[in-house]
>>> print(open('query.pdb').read())   # PDB, C-alpha atoms and all ligand atoms
ATOM      1  CA  MET A 761      96.333 133.304 112.707
ATOM      2  CA  GLU A 762      93.351 131.876 110.883
ATOM      3  CA  GLN A 763      95.692 129.702 108.878
ATOM      4  CA  ARG A 764      97.475 128.525 112.022
ATOM      5  CA  LEU A 765      94.164 127.527 113.580
ATOM      6  CA  ASP A 766      93.243 125.789 110.371
ATOM      7  CA  TYR A 767      96.518 123.892 110.503
ATOM      8  CA  TYR A 768      96.107 122.849 114.110
ATOM      9  CA  CYS A 769      92.565 121.797 113.354
ATOM     10  CA  LEU A 770      93.854 119.528 110.599
ATOM     11  CA  VAL A 771      96.735 118.255 112.645
ATOM     12  CA  GLY A 772      94.391 117.553 115.513
ATOM     13  CA  PHE A 773      96.327 118.974 118.418
ATOM     14  CA  ALA A 774      97.215 122.361 119.860
ATOM     15  CA  PRO A 775     100.820 123.532 120.107
ATOM     16  CA  GLU A 776     100.709 124.489 123.796
ATOM     17  CA  THR A 777     101.100 120.944 124.950
ATOM     18  CA  THR A 778     104.298 119.760 126.645
ATOM     19  CA  SER A 779     107.896 120.888 126.957
ATOM     20  CA  PRO A 780     109.623 117.637 126.211
ATOM     21  CA  GLU A 781     112.736 116.734 128.157
ATOM     22  CA  ASP A 782     115.961 115.779 126.476
ATOM     23  CA  LEU A 783     115.969 112.091 125.609
ATOM     24  CA  GLY A 784     119.444 111.807 127.123
ATOM     25  CA  LEU A 785     117.803 112.177 130.550
ATOM     26  CA  LEU A 786     115.693 109.069 130.048
ATOM     27  CA  ALA A 787     117.011 105.827 131.478
ATOM     28  CA  ILE A 788     117.388 102.967 129.047
ATOM     29  CA  PRO A 789     114.056 101.111 128.887
ATOM     30  CA  ALA A 790     113.909  97.663 130.406
ATOM     31  CA  ASP A 791     113.860  94.643 128.104
ATOM     32  CA  ASP A 792     110.247  93.993 129.017
ATOM     33  CA  THR A 793     109.141  97.330 127.528
ATOM     34  CA  ALA A 794     107.059  97.134 124.346
ATOM     35  CA  LEU A 795     108.687  99.289 121.659
ATOM     36  CA  PHE A 796     106.612 101.077 119.008
ATOM     37  CA  LEU A 797     108.602 102.833 116.332
ATOM     38  CA  ASP A 798     107.479 105.156 113.595
ATOM     39  CA  PHE A 799     109.355 104.793 110.298
ATOM     40  CA  ASP A 800     109.884 107.986 108.221
ATOM     41  CA  GLY A 801     111.686 110.673 110.182
ATOM     42  CA  THR A 802     112.250 108.303 113.103
ATOM     43  CA  LEU A 803     114.170 105.283 111.811
ATOM     44  CA  VAL A 804     115.097 106.835 108.465
ATOM     45  CA  ASP A 805     115.894 110.398 107.447
ATOM     46  CA  ILE A 806     113.299 112.440 105.618
ATOM     47  CA  ALA A 807     114.111 112.528 101.890
ATOM     48  CA  PRO A 808     112.945 114.699  98.977
ATOM     49  CA  THR A 809     110.417 112.099  97.797
ATOM     50  CA  PRO A 810     108.787 109.012  99.359
ATOM     51  CA  ASP A 811     110.845 106.696  97.156
ATOM     52  CA  SER A 812     114.225 108.278  97.795
ATOM     53  CA  ILE A 813     114.673 107.256 101.446
ATOM     54  CA  ARG A 814     117.678 105.162 102.360
ATOM     55  CA  VAL A 815     117.231 102.138 104.570
ATOM     56  CA  GLY A 816     120.469 100.294 105.202
ATOM     57  CA  SER A 817     121.645  97.227 107.020
ATOM     58  CA  PRO A 818     122.310  99.216 110.247
ATOM     59  CA  GLU A 819     118.578  99.914 110.604
ATOM     60  CA  LYS A 820     117.679  96.297 109.871
ATOM     61  CA  SER A 821     120.294  94.973 112.308
ATOM     62  CA  LEU A 822     119.104  97.358 114.993
ATOM     63  CA  LEU A 823     115.506  96.217 114.576
ATOM     64  CA  ASP A 824     116.507  92.556 114.661
ATOM     65  CA  GLU A 825     118.548  93.141 117.803
ATOM     66  CA  LEU A 826     115.693  94.999 119.505
ATOM     67  CA  HIS A 827     113.218  92.326 118.454
ATOM     68  CA  ARG A 828     115.421  89.654 119.995
ATOM     69  CA  ARG A 829     116.120  91.620 123.163
ATOM     70  CA  HIS A 830     112.491  92.586 123.747
ATOM     71  CA  ASN A 831     111.236  89.061 123.055
ATOM     72  CA  GLY A 832     109.202  90.043 120.024
ATOM     73  CA  ALA A 833     107.552  93.112 121.560
ATOM     74  CA  VAL A 834     108.712  95.512 118.832
ATOM     75  CA  ALA A 835     106.364  97.018 116.266
ATOM     76  CA  ILE A 836     106.700  99.446 113.385
ATOM     77  CA  VAL A 837     103.739 101.831 113.288
ATOM     78  CA  SER A 838     103.763 103.878 110.106
ATOM     79  CA  GLY A 839     101.603 105.805 107.686
ATOM     80  CA  ARG A 840     103.164 103.957 104.771
ATOM     81  CA  ASN A 841     101.662 101.001 102.982
ATOM     82  CA  LEU A 842     102.404  97.737 104.735
ATOM     83  CA  ILE A 843     103.788  96.193 101.562
ATOM     84  CA  ASP A 844     106.284  99.073 101.177
ATOM     85  CA  LEU A 845     107.421  98.772 104.778
ATOM     86  CA  ASP A 846     107.914  95.061 104.278
ATOM     87  CA  GLN A 847     110.105  95.720 101.268
ATOM     88  CA  TYR A 848     112.193  98.381 102.995
ATOM     89  CA  LEU A 849     112.604  96.276 106.135
ATOM     90  CA  GLY A 850     112.922  92.953 104.334
ATOM     91  CA  GLY A 851     113.372  90.189 106.860
ATOM     92  CA  PHE A 852     111.975  92.043 109.875
ATOM     93  CA  CYS A 853     109.640  89.507 111.433
ATOM     94  CA  GLY A 854     108.080  91.786 114.059
ATOM     95  CA  THR A 855     104.657  93.354 113.990
ATOM     96  CA  ILE A 856     104.003  96.060 111.392
ATOM     97  CA  SER A 857     101.082  98.441 111.181
ATOM     98  CA  GLY A 858     100.767 100.403 107.940
ATOM     99  CA  GLY A 859      98.437 103.136 106.688
ATOM    100  CA  HIS A 860      98.181 104.803 110.123
ATOM    101  CA  GLY A 861      96.626 101.632 111.537
ATOM    102  CA  ALA A 862      94.581 100.638 108.480
ATOM    103  CA  GLU A 863      96.757  97.572 107.871
ATOM    104  CA  MET A 864      98.409  95.104 110.243
ATOM    105  CA  ARG A 865     100.805  92.169 110.072
ATOM    106  CA  HIS A 866     101.464  90.133 113.180
ATOM    107  CA  ALA A 867     103.280  86.809 113.595
ATOM    108  CA  SER A 868     103.766  86.674 109.802
ATOM    109  CA  GLN A 869     100.019  86.884 109.244
ATOM    110  CA  LEU A 870      98.102  89.665 107.559
ATOM    111  CA  LEU A 871      95.199  90.712 109.768
ATOM    112  CA  SER A 872      91.990  92.230 108.521
ATOM    113  CA  GLY A 873      92.373  95.858 107.456
ATOM    114  CA  VAL A 874      90.047  98.767 108.024
ATOM    115  CA  SER A 875      86.671  98.518 106.371
ATOM    116  CA  CYS A 876      85.696 101.528 104.285
ATOM    117  CA  ASP A 877      83.837 102.444 101.115
ATOM    118  CA  LEU A 878      86.376 101.359  98.506
ATOM    119  CA  ALA A 879      84.340 102.707  95.600
ATOM    120  CA  ARG A 880      84.236 106.145  97.212
ATOM    121  CA  LEU A 881      87.971 105.892  97.931
ATOM    122  CA  GLU A 882      88.623 105.067  94.288
ATOM    123  CA  HIS A 883      86.659 108.134  93.254
ATOM    124  CA  ILE A 884      88.730 110.305  95.628
ATOM    125  CA  LYS A 885      91.952 108.761  94.359
ATOM    126  CA  ASN A 886      91.054 109.491  90.741
ATOM    127  CA  ALA A 887      90.345 113.129  91.540
ATOM    128  CA  VAL A 888      93.623 113.477  93.442
ATOM    129  CA  MET A 889      95.621 111.805  90.664
ATOM    130  CA  GLU A 890      94.079 114.157  88.145
ATOM    131  CA  PHE A 891      95.022 117.136  90.328
ATOM    132  CA  ALA A 892      98.653 115.957  90.312
ATOM    133  CA  ILE A 893      98.618 115.486  86.563
ATOM    134  CA  ILE A 894      97.273 118.982  86.002
ATOM    135  CA  ASP A 895      99.798 120.444  88.462
ATOM    136  CA  PRO A 896     102.925 118.231  88.315
ATOM    137  CA  ARG A 897     104.657 120.328  90.975
ATOM    138  CA  VAL A 898     102.884 118.086  93.488
ATOM    139  CA  LEU A 899     103.341 114.352  93.836
ATOM    140  CA  ALA A 900     100.462 111.943  94.414
ATOM    141  CA  GLU A 901     101.226 108.831  96.462
ATOM    142  CA  ASP A 902      98.626 106.121  96.046
ATOM    143  CA  LYS A 903      98.076 103.962  99.112
ATOM    144  CA  ARG A 904      95.949 100.954  99.765
ATOM    145  CA  TYR A 905      93.639 102.870 102.108
ATOM    146  CA  GLY A 906      94.301 106.461 101.162
ATOM    147  CA  ILE A 907      96.081 108.891  98.948
ATOM    148  CA  VAL A 908      98.655 111.589  99.673
ATOM    149  CA  LEU A 909      99.545 114.840  97.958
ATOM    150  CA  HIS A 910     103.184 115.756  98.590
ATOM    151  CA  TYR A 911     104.301 119.357  98.091
ATOM    152  CA  ARG A 912     107.865 119.117  99.482
ATOM    153  CA  GLN A 913     109.327 120.372  96.201
ATOM    154  CA  HIS A 914     106.976 123.378  96.266
ATOM    155  CA  PRO A 915     106.032 124.325  99.849
ATOM    156  CA  GLU A 916     104.201 127.378  98.562
ATOM    157  CA  LEU A 917     101.512 124.999  97.297
ATOM    158  CA  GLU A 918     100.431 123.919 100.780
ATOM    159  CA  CYS A 919      97.282 126.084 100.814
ATOM    160  CA  LYS A 920      96.304 125.094  97.299
ATOM    161  CA  VAL A 921      96.698 121.408  98.161
ATOM    162  CA  ARG A 922      94.814 121.744 101.434
ATOM    163  CA  ASP A 923      91.974 123.715  99.881
ATOM    164  CA  PHE A 924      91.594 121.171  97.101
ATOM    165  CA  LEU A 925      91.558 118.165  99.430
ATOM    166  CA  LYS A 926      89.204 119.887 101.864
ATOM    167  CA  SER A 927      86.739 120.607  99.093
ATOM    168  CA  LEU A 928      87.048 117.024  97.864
ATOM    169  CA  ILE A 929      86.010 115.437 101.150
ATOM    170  CA  ASP A 930      83.810 118.243 102.442
ATOM    171  CA  GLY A 931      80.989 116.634 104.467
ATOM    172  CA  ASP A 932      82.319 113.139 103.824
ATOM    173  CA  GLU A 933      81.303 110.708 106.543
ATOM    174  CA  GLU A 934      84.022 108.156 105.911
ATOM    175  CA  PHE A 935      87.179 110.017 104.989
ATOM    176  CA  GLU A 936      89.204 112.809 106.552
ATOM    177  CA  LEU A 937      92.451 114.710 106.066
ATOM    178  CA  GLN A 938      95.692 113.942 107.851
ATOM    179  CA  SER A 939      98.566 116.405 107.729
ATOM    180  CA  ALA A 940     102.117 115.128 107.569
ATOM    181  CA  LYS A 941     105.481 116.673 106.764
ATOM    182  CA  MET A 942     105.027 118.602 103.505
ATOM    183  CA  ALA A 943     102.112 116.362 102.640
ATOM    184  CA  ILE A 944      98.378 116.014 103.231
ATOM    185  CA  GLU A 945      96.609 112.693 103.053
ATOM    186  CA  VAL A 946      93.038 111.486 102.666
ATOM    187  CA  LYS A 947      92.468 108.524 104.958
ATOM    188  CA  PRO A 948      89.531 106.648 106.453
ATOM    189  CA  LYS A 949      88.087 108.231 109.585
ATOM    190  CA  GLY A 950      88.589 106.425 112.855
ATOM    191  CA  ILE A 951      92.002 104.939 112.165
ATOM    192  CA  SER A 952      95.034 106.271 113.985
ATOM    193  CA  LYS A 953      98.376 105.182 115.287
ATOM    194  CA  ALA A 954      96.874 105.300 118.795
ATOM    195  CA  GLY A 955      94.319 102.719 117.683
ATOM    196  CA  ALA A 956      97.063 100.627 116.073
ATOM    197  CA  ILE A 957      99.141 100.546 119.250
ATOM    198  CA  GLU A 958      96.085  99.757 121.388
ATOM    199  CA  ARG A 959      95.314  96.828 119.077
ATOM    200  CA  ILE A 960      98.891  95.546 119.105
ATOM    201  CA  MET A 961      99.038  95.722 122.907
ATOM    202  CA  GLN A 962      96.468  92.929 122.963
ATOM    203  CA  PHE A 963      98.858  90.506 121.265
ATOM    204  CA  GLU A 964     100.528  88.036 123.609
ATOM    205  CA  GLU A 965     104.095  89.329 123.208
ATOM    206  CA  PHE A 966     102.994  92.870 124.095
ATOM    207  CA  ASP A 967     100.247  92.281 126.647
ATOM    208  CA  GLY A 968     100.898  93.877 130.048
ATOM    209  CA  ARG A 969     104.186  95.539 129.135
ATOM    210  CA  ASP A 970     105.185  99.144 129.632
ATOM    211  CA  ILE A 971     104.968 101.098 126.386
ATOM    212  CA  LEU A 972     107.471 103.282 124.537
ATOM    213  CA  PHE A 973     106.542 105.033 121.312
ATOM    214  CA  ALA A 974     108.777 107.255 119.170
ATOM    215  CA  GLY A 975     107.661 109.353 116.220
ATOM    216  CA  ASP A 976     108.421 112.587 114.441
ATOM    217  CA  ASP A 977     105.275 113.975 112.877
ATOM    218  CA  ALA A 978     101.739 115.249 113.370
ATOM    219  CA  THR A 979     100.605 111.746 112.417
ATOM    220  CA  ASP A 980     102.191 110.519 115.655
ATOM    221  CA  GLU A 981     100.466 112.894 118.057
ATOM    222  CA  SER A 982      97.412 110.693 118.660
ATOM    223  CA  ALA A 983      99.748 107.924 119.719
ATOM    224  CA  PHE A 984     101.770 110.227 121.988
ATOM    225  CA  SER A 985      98.548 111.188 123.782
ATOM    226  CA  TRP A 986      97.375 107.610 124.160
ATOM    227  CA  VAL A 987     100.758 106.368 125.341
ATOM    228  CA  ASN A 988     100.942 109.203 127.889
ATOM    229  CA  GLU A 989      97.512 108.219 129.208
ATOM    230  CA  GLN A 990      98.729 104.645 129.648
ATOM    231  CA  GLY A 991     101.699 105.835 131.690
ATOM    232  CA  GLY A 992     104.115 104.993 128.882
ATOM    233  CA  ILE A 993     107.018 106.893 127.369
ATOM    234  CA  SER A 994     106.579 109.105 124.307
ATOM    235  CA  ILE A 995     109.492 110.450 122.284
ATOM    236  CA  LYS A 996     109.421 113.106 119.593
ATOM    237  CA  ILE A 997     112.156 113.077 116.959
ATOM    238  CA  GLY A 998     113.027 116.573 115.771
ATOM    239  CA  GLU A 999     111.486 119.975 116.219
ATOM    240  CA  GLY A1000     107.912 121.181 116.412
ATOM    241  CA  PRO A1001     105.039 121.315 118.904
ATOM    242  CA  THR A1002     104.241 117.989 120.455
ATOM    243  CA  ARG A1003     102.569 116.141 123.278
ATOM    244  CA  ALA A1004     105.532 113.799 123.648
ATOM    245  CA  GLN A1005     107.426 113.731 126.934
ATOM    246  CA  TYR A1006     110.927 113.483 125.486
ATOM    247  CA  ARG A1007     112.647 114.864 122.446
ATOM    248  CA  THR A1008     115.741 113.999 120.486
ATOM    249  CA  GLN A1009     117.217 115.813 117.535
ATOM    250  CA  SER A1010     117.184 113.363 114.653
ATOM    251  CA  PRO A1011     116.772 109.759 113.547
ATOM    252  CA  ASP A1012     120.543 109.348 114.028
ATOM    253  CA  SER A1013     120.501 110.572 117.627
ATOM    254  CA  PHE A1014     117.456 108.392 118.327
ATOM    255  CA  LYS A1015     119.094 105.300 116.841
ATOM    256  CA  SER A1016     122.267 106.001 118.817
ATOM    257  CA  TRP A1017     120.170 106.124 121.981
ATOM    258  CA  LEU A1018     118.496 102.834 121.059
ATOM    259  CA  LYS A1019     121.849 101.241 120.286
ATOM    260  CA  ALA A1020     123.186 102.357 123.651
ATOM    261  CA  GLN A1021     120.896  99.736 125.133
ATOM    262  CA  SER A1022     123.452  97.146 124.079
ATOM    263  CA  GLY A1023     125.622  96.055 126.933
ATOM    264  CA  THR A1024     123.799  98.209 129.495
ATOM    265  CA  ALA A1025     122.558  96.497 132.635
ATOM    266  CA  ARG A1026     118.780  96.654 132.794
ATOM    267  CA  SER A1027     116.133  95.381 135.180
TER     268      SER A1027
HETATM  269  O1  LIG B1101     104.234 107.326 109.727
HETATM  270  P1  LIG B1101     105.536 107.501 109.032
HETATM  271  O2  LIG B1101     106.316 106.241 108.915
HETATM  272  O3  LIG B1101     106.342 108.634 109.572
HETATM  273  O4  LIG B1101     105.112 107.912 107.541
HETATM  274  C1  LIG B1101     104.565 109.201 107.293
HETATM  275  C2  LIG B1101     104.608 109.470 105.817
HETATM  276  O5  LIG B1101     105.961 109.269 105.412
HETATM  277  C3  LIG B1101     106.255 109.435 104.037
HETATM  278  O6  LIG B1101     106.232 110.815 103.733
HETATM  279  C4  LIG B1101     107.193 111.561 104.459
HETATM  280  O7  LIG B1101     108.507 111.068 104.171
HETATM  281  C5  LIG B1101     108.936 111.277 102.784
HETATM  282  C6  LIG B1101     110.292 110.617 102.644
HETATM  283  O8  LIG B1101     111.202 111.115 103.570
HETATM  284  C7  LIG B1101     108.972 112.762 102.518
HETATM  285  O9  LIG B1101     109.400 113.009 101.179
HETATM  286  C8  LIG B1101     107.586 113.367 102.750
HETATM  287  O10 LIG B1101     107.640 114.786 102.608
HETATM  288  C9  LIG B1101     107.101 113.040 104.171
HETATM  289  O11 LIG B1101     105.750 113.463 104.355
HETATM  290  C10 LIG B1101     105.327 108.633 103.167
HETATM  291  O12 LIG B1101     105.515 109.005 101.831
HETATM  292  C11 LIG B1101     103.872 108.781 103.570
HETATM  293  O13 LIG B1101     103.079 107.827 102.880
HETATM  294  C12 LIG B1101     103.725 108.513 105.066
HETATM  295  O14 LIG B1101     102.366 108.676 105.465
END
>>> encode(input="query.pdb", output="structure tokens")
Amino acid sequence: MEQRLDYYCLVGFAPETTSPEDLGLLAIPADDTALFLDFDGTLVDIAPTPDSIRVGSPEKSLLDELHRRHNGAVAIVSGRNLIDLDQYLGGFCGTISGGHGAEMRHASQLLSGVSCDLARLEHIKNAVMEFAIIDPRVLAEDKRYGIVLHYRQHPELECKVRDFLKSLIDGDEEFELQSAKMAIEVKPKGISKAGAIERIMQFEEFDGRDILFAGDDATDESAFSWVNEQGGISIKIGEGPTRAQYRTQSPDSFKSWLKAQSGTARS
């Protein structure tokens, strides 16, 4: 029980939240809805390592089609580095937020990122890298504004990883932990996907629109809460406790639902 509480504390939300309805019950969103889409586990299947995901032309075509149909009000909101997202989604000209809101690209322009103590971050990164060298069963993923320890290959290491990272940033005023699927990340405090979406909603193409956000992970829960508060639609991909209002089984079922927008009469 103690460990569960610890987990929920890290994740930042309690499990007794909502009982999401089946996504199939949700009417196709109107073209004037602003779409916010998470990347890993939402648009692409979860893979054994961060680098082994598969992003094909169907995903890129779908995004282009949505971007056209929603008049530019489509954004990717991900924990990944912006530069990596740009490479995977080469050619996507919509808005992208990377690093859980730490980085932003809009209208082909890089906007200012989060401000944090980069020297302190470097120190944290070095310690985390060293941990992964000493115990190669875990994988360190270096990010522009953070660092992740992945334990997907050895789930039994979750406690060891968490304990190490907790001790590393114990009492730190600038950095905090963020749990994800089989991974724990150190990131700057104060950034979140909720904050990223709120910022993007101020851009002209998004301003005043209804909001839809889809995600799959604990990293998406802040955004589900914020979107719910705004009267928007929140969609959880896959299993697990969530605050989202709707749920669908997998990235494939979610993409099929998105594709079904084609040719459907909308307001
Ligand atoms: O916000 P997202 O777009 O969902 O990104 C969250 C993290 O995704 C990646 O890690 C996750 O996906 C990997 C590939 O499927 C998987 O191996 C790993 O276990 C997952 O945690 C990415 O590596 C992280 O940087 C993102 O923060």
>>> resolve_selection(input="query.pdb", expression="the PyMOL selection byres (((not hetatm)) within 7 of (chain B and resi 1101))", output="short mmCIF file (atom, residue, chain, number, x, y, z; two decimals) with C-alpha atoms, in the coordinates of the input")
data_model
loop_
_atom_site.label_atom_id
_atom_site.label_comp_id
_atom_site.auth_asym_id
_atom_site.auth_seq_id
_atom_site.Cartn_x
_atom_site.Cartn_y
_atom_site.Cartn_z
CA ASP A 798 107.48 105.16 113.60
CA PHE A 799 109.36 104.79 110.30
CA ASP A 800 109.88 107.99 108.22
CA GLY A 801 111.69 110.67 110.18
CA THR A 802 112.25 108.30 113.10
CA ASP A 805 115.89 110.40 107.45
CA ILE A 806 113.30 112.44 105.62
CA ALA A 807 114.11 112.53 101.89
CA PRO A 808 112.94 114.70 98.98
CA THR A 809 110.42 112.10 97.80
CA PRO A 810 108.79 109.01 99.36
CA ASP A 811 110.84 106.70 97.16
CA SER A 812 114.22 108.28 97.80
CA ILE A 813 114.67 107.26 101.45
CA VAL A 837 103.74 101.83 113.29
CA SER A 838 103.76 103.88 110.11
CA GLY A 839 101.60 105.80 107.69
CA ARG A 840 103.16 103.96 104.77
CA ASN A 841 101.66 101.00 102.98
CA GLY A 859 98.44 103.14 106.69
CA HIS A 860 98.18 104.80 110.12
CA GLU A 901 101.23 108.83 96.46
CA VAL A 908 98.66 111.59 99.67
CA HIS A 910 103.18 115.76 98.59
CA ARG A 912 107.86 119.12 99.48
CA ALA A 940 102.12 115.13 107.57
CA LYS A 941 105.48 116.67 106.76
CA MET A 942 105.03 118.60 103.50
CA ALA A 943 102.11 116.36 102.64
CA GLY A 975 107.66 109.35 116.22
CA ASP A 976 108.42 112.59 114.44
CA ASP A 977 105.28 113.98 112.88
CA THR A 979 100.60 111.75 112.42
#
>>> closest_residue(input="query.pdb", among="A:Asp844, A:Glu945, A:Asp930, A:Asp970", to="Asp791 in chain A", atoms="only C-alpha atoms")
A:Asp970
>>> resolve_selection(input="query.pdb", expression="the PyMOL selection byres (((chain A and resi 996) around 9) and not hetatm)", output="PyMOL selection string")
chain A and resi 780+783+802+973-977+980+984+994-995+997-1000+1002-1009
>>> atom_distance(input="query.pdb", atom1="CA of Ser868 in chain A", atom2="CA of Glu964 in chain A")
14.2 Å
>>> atom_distance(input="query.pdb", atom1="CA of Arg904 in chain A", atom2="CA of Val946 in chain A")
11.3 Å
>>> closest_residue(input="query.pdb", among="A:Asp1012, A:Asn886, A:Arg880, A:Ala794", to="Met961 in chain A", atoms="all atoms listed in the file")
A:Ala794
>>> closest_residue(input="query.pdb", among="A:Pro1001, A:Gly858, A:Gly906, A:Gly955", to="Glu882 in chain A", atoms="all atoms listed in the file")
A:Gly906
>>> closest_residue(input="query.pdb", among="A:Phe891, A:Tyr905, A:Phe924, A:Phe796", to="Glu958 in chain A", atoms="all atoms listed in the file")
A:Phe796
>>> closest_residue(input="query.pdb", among="A:Glu890, A:Glu819, A:Asp902, A:Asp923", to="Leu937 in chain A", atoms="all atoms listed in the file")
A:Asp923
>>> resolve_selection(input="query.pdb", expression="the PyMOL selection byres (((chain A and resi 833) around 7) and not hetatm)", output="list in words")
Ala794, Leu795, His827, His830, Asn831, Gly832, Val834, Ala835, Glu965 and Phe966 of chain A
>>> atom_distance(input="query.pdb", atom1="CA of Gln913 in chain A", atom2="CA of Ser1010 in chain A")
21.2 Å
>>> residues_near_point(input="query.pdb", point="(115.8, 100.9, 106.8)", cutoff="6 Å", atoms="all atoms listed in the file", output="PyMOL selection string")
chain A and resi 815-816+819-820+848-849
>>> write_last_selection(input="query.pdb", atoms="C-alpha atoms", output="compact mmCIF listing (two decimals), keeping the file's coordinate frame")
# COMPACT_ATOMS: atom_id res chain seq x y z
CA VAL A 815 117.23 102.14 104.57
CA GLY A 816 120.47 100.29 105.20
CA GLU A 819 118.58 99.91 110.60
CA LYS A 820 117.68 96.30 109.87
CA TYR A 848 112.19 98.38 103.00
CA LEU A 849 112.60 96.28 106.14
>>> residues_near_point(input="query.pdb", point="(97.4, 108.0, 119.0)", cutoff="8 Å", atoms="all atoms listed in the file", output="list in words")
Ser952, Lys953, Ala954, Gly955, Ala956, Ile957, Asp980, Glu981, Ser982, Ala983, Phe984, Ser985, Trp986 and Val987 of chain A
>>> closest_residue(input="query.pdb", among="A:Ser857, A:Ser939, A:Ser1016, A:Ser872", to="Pro818 in chain A", atoms="only C-alpha atoms")
A:Ser1016
>>> axis_aligned_box(input="query.pdb", around="range 819-831 of chain A", padding_each_side="3 Å", output="AutoDock Vina command-line options")
--center_x 115.8 --center_y 94.5 --center_z 116.8 --size_x 15.1 --size_y 16.9 --size_z 19.9
>>> build_atoms(input="query.pdb", residues="range 833-845 of chain A", atoms="N, CA and C atoms", output="short mmCIF file (atom, residue, chain, number, x, y, z; two decimals), in the coordinates of the input")
data_model
loop_
_atom_site.label_atom_id
_atom_site.label_comp_id
_atom_site.auth_asym_id
_atom_site.auth_seq_id
_atom_site.Cartn_x
_atom_site.Cartn_y
_atom_site.Cartn_z
N ALA A 833 108.46 91.98 121.30
CA ALA A 833 107.55 93.11 121.56
C ALA A 833 108.09 94.40 120.93
N VAL A 834 108.26 94.35 119.60
CA VAL A 834 108.71 95.51 118.83
C VAL A 834 107.81 95.63 117.61
N ALA A 835 107.26 96.82 117.42
CA ALA A 835 106.36 97.02 116.27
C ALA A 835 106.71 98.31 115.54
N ILE A 836 106.60 98.25 114.21
CA ILE A 836 106.70 99.45 113.38
C ILE A 836 105.28 99.96 113.17
N VAL A 837 105.07 101.23 113.45
CA VAL A 837 103.74 101.83 113.29
C VAL A 837 103.90 103.04 112.37
N SER A 838 103.44 102.87 111.13
CA SER A 838 103.76 103.88 110.11
C SER A 838 102.53 104.26 109.28
N GLY A 839 102.65 105.40 108.62
CA GLY A 839 101.60 105.80 107.69
C GLY A 839 101.77 105.15 106.33
N ARG A 840 102.91 104.56 106.09
CA ARG A 840 103.16 103.96 104.77
C ARG A 840 102.34 102.69 104.57
N ASN A 841 102.27 102.29 103.30
CA ASN A 841 101.66 101.00 102.98
C ASN A 841 102.46 99.88 103.63
N LEU A 842 101.76 98.89 104.13
CA LEU A 842 102.40 97.74 104.74
C LEU A 842 103.38 97.05 103.77
N ILE A 843 102.96 96.91 102.54
CA ILE A 843 103.79 96.19 101.56
C ILE A 843 105.11 96.94 101.33
N ASP A 844 105.06 98.28 101.35
CA ASP A 844 106.28 99.07 101.18
C ASP A 844 107.21 98.91 102.39
N LEU A 845 106.61 98.94 103.56
CA LEU A 845 107.42 98.77 104.78
C LEU A 845 108.10 97.41 104.76
#
